[in-house]
Amino acid sequence: MSQWYMLTLVGKDQLGIVAKVTTALYKGGCNLGEASMLRLGGNFTIMLMVSYEGDNKQLYDLLKEVVRELNLHLHIDVIEGHLHQHRDPEVRITVHGADRAGIVAQVTSVLTEAGLNILDLESDVGGNTNNPFYIMHIEGIATQGIAQLSQALQQLLATQHPDLKVQLEPIETLVM
Amino acid sequence: MSLLEILTYPDPRLKTISAPVTEFDAKLQAFLIDLENTMRAGPGGVGIAAPQVGCFQRIVLLDVSSKPKIKHHGNLVLINPEITQWEGFEIGREGCMSVPDYTGNVIRAQYLHLMAQDQHGIQHEYDMEGFEARAIQHELDHLDGLLFIDRLVSRRHDLFRRKVYVSIQTQPHLSSEKAIDR
């Protein structure tokens with residue numbers, strides 16, 4: 001009986017991390033599910049759903065060698081995983097402005113209060129050391145409607161962040 | 001009323017290039033009724049192409065009229081459809097009865113001119129835009145053995161600026177802001 005695991009792997013970015021990690025898993029009899037893999041600040045990060053018949057220790061052993069070779073941090077969790085349960089986002093919010101502490105906390109707090117369920121958030125720091133800017137894209141489900149989110153953001157900008165640029169747009173998925 | 005079985009990816013038959021319709025006979029009319037029922041029973045219910053039910057002929061049904069506040073031509077039977085002109089591009093999210101549990105971003109033309117025959121073989125021309133234009137491009141791809149997953153662009157990074165629906169900005173009251181020439 002297979003069990004779903006969530007693997008977290010992080011290490012200095014270098015050529016071949018994905019190929020080597022997934023080859024070790026494949027050879028060990030694992031089946032991969034949904035994954036997110038990306039480079040963050042010079043590190044390569046992997047969050048990976050893996051279905052495997054063995055236990056936590058056996059899964060760790062499959063990756064032991066490649067993790068040592070590539071100098072990766074590995075973390076394994078048993079999870080209750082399900083495939084084929086995607087939810088389509090209804091709204092997309094883009095925020096950007098001069099980088100400072102608190103943008104994500106404040107923006108997401110008011111959005112949460114206004115009913116936003118975040119499905120996907122990616123953010124980045126651009127610009128240069130002297131003039132960094134922060135940019136964030138959020139996709140989610142507006143459980144209380146899009147107007148609520150718009151109102152909440154408007155209020156936040158008016159009271160605390162007049163210079164932040166925020167766009168909100170419905171995502172209309174054409175299902176044919 | 002009978003519902004036809006929808007082929008789903010990775011069924012290789014979805015890659016078939018469909019043949020033009022030449023006979024506008026009773027058999028075609030009967031098939032169109034079944035095809036429409038199948039379309040209306042689907043999750044989106046706004047369009048279907050004949051190859052999705054394993055009939056490899058250049059037939060598309062389209063009806064985006066249920067969507068509020070858009071330009072459209074109502075319920076359309078489009079046989080041997082051909083896009084003769086297109087303009088602009090836009091990213092939008094698409095899903096498909098033949099690709100369950102997955103949606104993705106696809107670039108499509110915003111405006112197009114379409115020529116197609118109706119169920120009796122009479123030629124018509126349409127100027128389409130927005131949602132309806134996106135829908136016909138999605139369906140026309142089926143006739144050429146293509147799915148929207150053959151045209152995906154990154155979910156993470158927008159290559160093109162999308163149409164902005166709501167820009168949330170406070171009034172320009174910042175003192176640092178330059179005066180705007182009038």
# chains A, B, ... in the order shown; residues from 1 in each chain; ligands from 1

call {"tool": "select_by_dssp", "arguments": {"residues": "stretch 3-168 of chain A", "states": "strand (DSSP E)", "output": "PyMOL selection string"}}
result
chain A and resi 3-12+31-40+43-52+73-78+91-98+116-127+132-142+165-168

call {"tool": "residues_around", "arguments": {"residues": "B:Ile136", "least_positions_apart": "6", "cutoff": "10 Å", "atoms": "only C-alpha atoms", "output": "list in words"}}
result
Met176 of chain A; Gly47, Ile48, Ala49, Val60, Leu61, Leu62, Asp63, Leu78, Pro81, Glu82, Ile83, Leu112, Leu114, Met128, Glu129 and His142 of chain B

call {"tool": "residues_around", "arguments": {"residues": "B:Gln123", "least_positions_apart": "4", "cutoff": "10 Å", "atoms": "only C-alpha atoms", "output": "JSON, numbers by chain"}}
result
{"B": [78, 79, 80, 81, 115, 116, 117, 118, 119]}

call {"tool": "write_last_selection", "arguments": {"atoms": "N, CA, C and O atoms", "output": "mmCIF file, in the first residue's frame"}}
result
data_model
loop_
_atom_site.group_PDB
_atom_site.id
_atom_site.type_symbol
_atom_site.label_atom_id
_atom_site.label_comp_id
_atom_site.auth_asym_id
_atom_site.auth_seq_id
_atom_site.Cartn_x
_atom_site.Cartn_y
_atom_site.Cartn_z
ATOM 1 N N LEU B 78 -20.806 25.748 -36.576
ATOM 2 C CA LEU B 78 -19.709 26.204 -37.439
ATOM 3 C C LEU B 78 -19.076 24.989 -38.122
ATOM 4 O O LEU B 78 -18.409 24.182 -37.479
ATOM 5 N N ILE B 79 -19.344 24.881 -39.404
ATOM 6 C CA ILE B 79 -18.836 23.729 -40.153
ATOM 7 C C ILE B 79 -17.765 24.203 -41.131
ATOM 8 O O ILE B 79 -17.927 25.247 -41.776
ATOM 9 N N ASN B 80 -16.685 23.453 -41.182
ATOM 10 C CA ASN B 80 -15.501 23.834 -41.971
ATOM 11 C C ASN B 80 -15.058 25.266 -41.655
ATOM 12 O O ASN B 80 -14.855 26.079 -42.577
ATOM 13 N N PRO B 81 -14.930 25.596 -40.389
ATOM 14 C CA PRO B 81 -14.598 26.981 -40.032
ATOM 15 C C PRO B 81 -13.150 27.314 -40.364
ATOM 16 O O PRO B 81 -12.273 26.453 -40.320
ATOM 17 N N MET B 115 -14.789 32.484 -41.184
ATOM 18 C CA MET B 115 -15.723 32.039 -42.220
ATOM 19 C C MET B 115 -16.086 30.608 -41.897
ATOM 20 O O MET B 115 -15.220 29.795 -41.570
ATOM 21 N N ALA B 116 -17.385 30.298 -41.965
ATOM 22 C CA ALA B 116 -17.815 28.934 -41.674
ATOM 23 C C ALA B 116 -19.162 28.679 -42.335
ATOM 24 O O ALA B 116 -19.928 29.613 -42.608
ATOM 25 N N GLN B 117 -19.438 27.413 -42.564
ATOM 26 C CA GLN B 117 -20.751 27.042 -43.085
ATOM 27 C C GLN B 117 -21.665 26.687 -41.915
ATOM 28 O O GLN B 117 -21.185 26.301 -40.844
ATOM 29 N N ASP B 118 -22.970 26.810 -42.145
ATOM 30 C CA ASP B 118 -23.909 26.380 -41.106
ATOM 31 C C ASP B 118 -24.324 24.927 -41.370
ATOM 32 O O ASP B 118 -23.772 24.267 -42.261
ATOM 33 N N GLN B 119 -25.331 24.458 -40.635
ATOM 34 C CA GLN B 119 -25.724 23.039 -40.753
ATOM 35 C C GLN B 119 -26.289 22.698 -42.129
ATOM 36 O O GLN B 119 -26.401 21.534 -42.481
#

call {"tool": "interface_residues", "arguments": {"of": "chain A", "to": "chain B", "cutoff": "10 Å", "atoms": "only C-alpha atoms", "output": "MDAnalysis selection string"}}
result
chainID A and resid 83:89 93:95 120:122 137 150:151 153:159 161:176

call {"tool": "select_by_dssp", "arguments": {"residues": "chain A", "states": "alpha helix (DSSP H)", "output": "number ranges by chain"}}
result
A: 17-27, 56-70, 103-113, 146-159

call {"tool": "atom_distance", "arguments": {"atom1": "atom CA of A:Glu34", "atom2": "atom CA of A:Asp124"}}
result
22.6 Å

call {"tool": "closest_residue", "arguments": {"among": "B:Phe89, B:Tyr111, B:Ala19, B:Ala26", "to": "B:His72", "atoms": "only C-alpha atoms"}}
result
B:Tyr111

call {"tool": "residues_around", "arguments": {"residues": "A:Met1", "least_positions_apart": "3", "cutoff": "10 Å", "atoms": "only C-alpha atoms", "output": "JSON list (two decimals) with N, CA, C and O atoms, in the first residue's frame"}}
result
[["chain", "number", "residue", "atom", "x", "y", "z"],
["A", 51, "SER", "N", 4.79, 9.29, -3.95],
["A", 51, "SER", "CA", 4.04, 8.13, -3.49],
["A", 51, "SER", "C", 5.02, 6.94, -3.43],
["A", 51, "SER", "O", 5.73, 6.68, -4.39],
["A", 52, "TYR", "N", 5.03, 6.26, -2.28],
["A", 52, "TYR", "CA", 6.06, 5.24, -2.06],
["A", 52, "TYR", "C", 5.52, 4.16, -1.15],
["A", 52, "TYR", "O", 4.76, 4.44, -0.23],
["A", 53, "GLU", "N", 5.95, 2.93, -1.40],
["A", 53, "GLU", "CA", 5.44, 1.81, -0.61],
["A", 53, "GLU", "C", 6.19, 1.62, 0.69],
["A", 53, "GLU", "O", 5.70, 0.97, 1.61],
["A", 54, "GLY", "N", 7.41, 2.13, 0.75],
["A", 54, "GLY", "CA", 8.20, 1.94, 1.96],
["A", 54, "GLY", "C", 7.92, 2.99, 3.02],
["A", 54, "GLY", "O", 7.04, 3.84, 2.87]]

call {"tool": "residues_around", "arguments": {"residues": "stretch 145-152 of chain B", "least_positions_apart": "3", "cutoff": "6 Å", "atoms": "only C-alpha atoms", "output": "mmCIF file with C-alpha atoms, in the first residue's frame"}}
result
data_model
loop_
_atom_site.group_PDB
_atom_site.id
_atom_site.type_symbol
_atom_site.label_atom_id
_atom_site.label_comp_id
_atom_site.auth_asym_id
_atom_site.auth_seq_id
_atom_site.Cartn_x
_atom_site.Cartn_y
_atom_site.Cartn_z
ATOM 1 C CA LEU B 14 -7.373 13.647 -29.974
ATOM 2 C CA LYS B 15 -4.331 14.267 -32.192
ATOM 3 C CA THR B 16 -6.257 13.390 -35.346
ATOM 4 C CA ILE B 17 -6.624 16.076 -37.996
ATOM 5 C CA ASN B 105 -2.803 30.002 -19.502
ATOM 6 C CA VAL B 106 -2.915 30.264 -23.269
ATOM 7 C CA ASP B 141 -7.400 23.623 -32.479
ATOM 8 C CA HIS B 142 -9.308 20.383 -31.800
#

call {"tool": "closest_residue", "arguments": {"among": "B:Ala50, B:Leu28, B:Ile70, B:Ile107", "to": "B:Ile91", "atoms": "only C-alpha atoms"}}
result
B:Ile107

call {"tool": "atom_distance", "arguments": {"atom1": "atom CA of B:Leu35", "atom2": "atom CA of B:Leu4"}}
result
6.9 Å

call {"tool": "atom_distance", "arguments": {"atom1": "atom CA of A:Glu69", "atom2": "atom CA of A:Gln3"}}
result
26.6 Å

call {"tool": "residues_around", "arguments": {"residues": "A:Asp61", "least_positions_apart": "5", "cutoff": "10 Å", "atoms": "only C-alpha atoms", "output": "ChimeraX atom specification"}}
result
/A:24,28,56,66-67

call {"tool": "residues_around", "arguments": {"residues": "A:Thr8", "least_positions_apart": "2", "cutoff": "12 Å", "atoms": "only C-alpha atoms", "output": "list in words"}}
result
Tyr5, Met6, Val10, Gly11, Val21, Ala35, Ser36, Met37, Leu38, Phe44, Thr45, Ile46, Met47, Leu48, Met49, Val50, Tyr60, Leu63, Val67, Leu72, His73, Leu74, His75, Ile76, Asp77 and Val78 of chain A

call {"tool": "write_last_selection", "arguments": {"atoms": "N, CA and C atoms", "output": "mmCIF file, in the first residue's frame"}}
result
data_model
loop_
_atom_site.group_PDB
_atom_site.id
_atom_site.type_symbol
_atom_site.label_atom_id
_atom_site.label_comp_id
_atom_site.auth_asym_id
_atom_site.auth_seq_id
_atom_site.Cartn_x
_atom_site.Cartn_y
_atom_site.Cartn_z
ATOM 1 N N TYR A 5 4.135 11.101 0.559
ATOM 2 C CA TYR A 5 5.100 11.861 1.359
ATOM 3 C C TYR A 5 5.278 13.239 0.725
ATOM 4 N N MET A 6 5.581 14.219 1.548
ATOM 5 C CA MET A 6 5.994 15.522 1.012
ATOM 6 C C MET A 6 7.474 15.666 1.282
ATOM 7 N N VAL A 10 16.359 21.500 -0.280
ATOM 8 C CA VAL A 10 16.906 22.844 -0.496
ATOM 9 C C VAL A 10 18.423 22.766 -0.532
ATOM 10 N N GLY A 11 19.003 23.492 -1.455
ATOM 11 C CA GLY A 11 20.461 23.548 -1.490
ATOM 12 C C GLY A 11 20.934 24.594 -2.468
ATOM 13 N N VAL A 21 17.879 13.875 -8.231
ATOM 14 C CA VAL A 21 16.926 13.543 -7.171
ATOM 15 C C VAL A 21 15.815 12.644 -7.721
ATOM 16 N N ALA A 35 4.321 19.067 -7.869
ATOM 17 C CA ALA A 35 5.589 19.583 -7.363
ATOM 18 C C ALA A 35 5.753 21.064 -7.645
ATOM 19 N N SER A 36 6.550 21.682 -6.848
ATOM 20 C CA SER A 36 6.973 23.050 -7.095
ATOM 21 C C SER A 36 8.484 23.056 -6.956
ATOM 22 N N MET A 37 9.173 23.515 -7.979
ATOM 23 C CA MET A 37 10.633 23.554 -7.924
ATOM 24 C C MET A 37 11.075 24.898 -8.471
ATOM 25 N N LEU A 38 11.824 25.638 -7.697
ATOM 26 C CA LEU A 38 12.309 26.917 -8.213
ATOM 27 C C LEU A 38 13.524 27.427 -7.465
ATOM 28 N N PHE A 44 18.296 26.279 -4.757
ATOM 29 C CA PHE A 44 17.259 25.589 -5.501
ATOM 30 C C PHE A 44 16.349 24.907 -4.488
ATOM 31 N N THR A 45 15.042 25.097 -4.657
ATOM 32 C CA THR A 45 14.097 24.559 -3.675
ATOM 33 C C THR A 45 13.114 23.617 -4.356
ATOM 34 N N ILE A 46 12.840 22.526 -3.685
ATOM 35 C CA ILE A 46 11.905 21.534 -4.227
ATOM 36 C C ILE A 46 10.883 21.174 -3.150
ATOM 37 N N MET A 47 9.613 21.259 -3.512
ATOM 38 C CA MET A 47 8.544 20.676 -2.699
ATOM 39 C C MET A 47 7.897 19.637 -3.603
ATOM 40 N N LEU A 48 7.895 18.404 -3.166
ATOM 41 C CA LEU A 48 7.556 17.330 -4.094
ATOM 42 C C LEU A 48 6.692 16.272 -3.422
ATOM 43 N N MET A 49 5.557 15.968 -4.036
ATOM 44 C CA MET A 49 4.709 14.873 -3.555
ATOM 45 C C MET A 49 5.247 13.563 -4.120
ATOM 46 N N VAL A 50 5.494 12.617 -3.258
ATOM 47 C CA VAL A 50 6.038 11.329 -3.673
ATOM 48 C C VAL A 50 5.173 10.207 -3.103
ATOM 49 N N TYR A 60 14.225 7.945 2.899
ATOM 50 C CA TYR A 60 15.424 8.733 3.199
ATOM 51 C C TYR A 60 16.664 8.052 2.617
ATOM 52 N N LEU A 63 17.527 8.531 -1.007
ATOM 53 C CA LEU A 63 18.064 9.830 -1.411
ATOM 54 C C LEU A 63 19.384 10.197 -0.731
ATOM 55 N N VAL A 67 21.715 13.343 -1.880
ATOM 56 C CA VAL A 67 21.628 14.487 -0.980
ATOM 57 C C VAL A 67 23.018 14.873 -0.465
ATOM 58 N N LEU A 72 22.417 18.852 -0.140
ATOM 59 C CA LEU A 72 21.045 19.352 -0.007
ATOM 60 C C LEU A 72 20.520 19.106 1.404
ATOM 61 N N HIS A 73 19.595 19.948 1.822
ATOM 62 C CA HIS A 73 18.831 19.670 3.039
ATOM 63 C C HIS A 73 17.582 18.905 2.625
ATOM 64 N N LEU A 74 17.321 17.814 3.299
ATOM 65 C CA LEU A 74 16.149 17.002 2.951
ATOM 66 C C LEU A 74 15.239 16.888 4.155
ATOM 67 N N HIS A 75 13.961 17.079 3.913
ATOM 68 C CA HIS A 75 12.980 16.906 4.973
ATOM 69 C C HIS A 75 11.838 16.067 4.414
ATOM 70 N N ILE A 76 11.396 15.090 5.186
ATOM 71 C CA ILE A 76 10.341 14.193 4.696
ATOM 72 C C ILE A 76 9.163 14.208 5.665
ATOM 73 N N ASP A 77 7.959 14.420 5.141
ATOM 74 C CA ASP A 77 6.744 14.340 5.965
ATOM 75 C C ASP A 77 5.770 13.351 5.350
ATOM 76 N N VAL A 78 5.139 12.571 6.203
ATOM 77 C CA VAL A 78 4.008 11.756 5.746
ATOM 78 C C VAL A 78 2.828 12.715 5.609
#
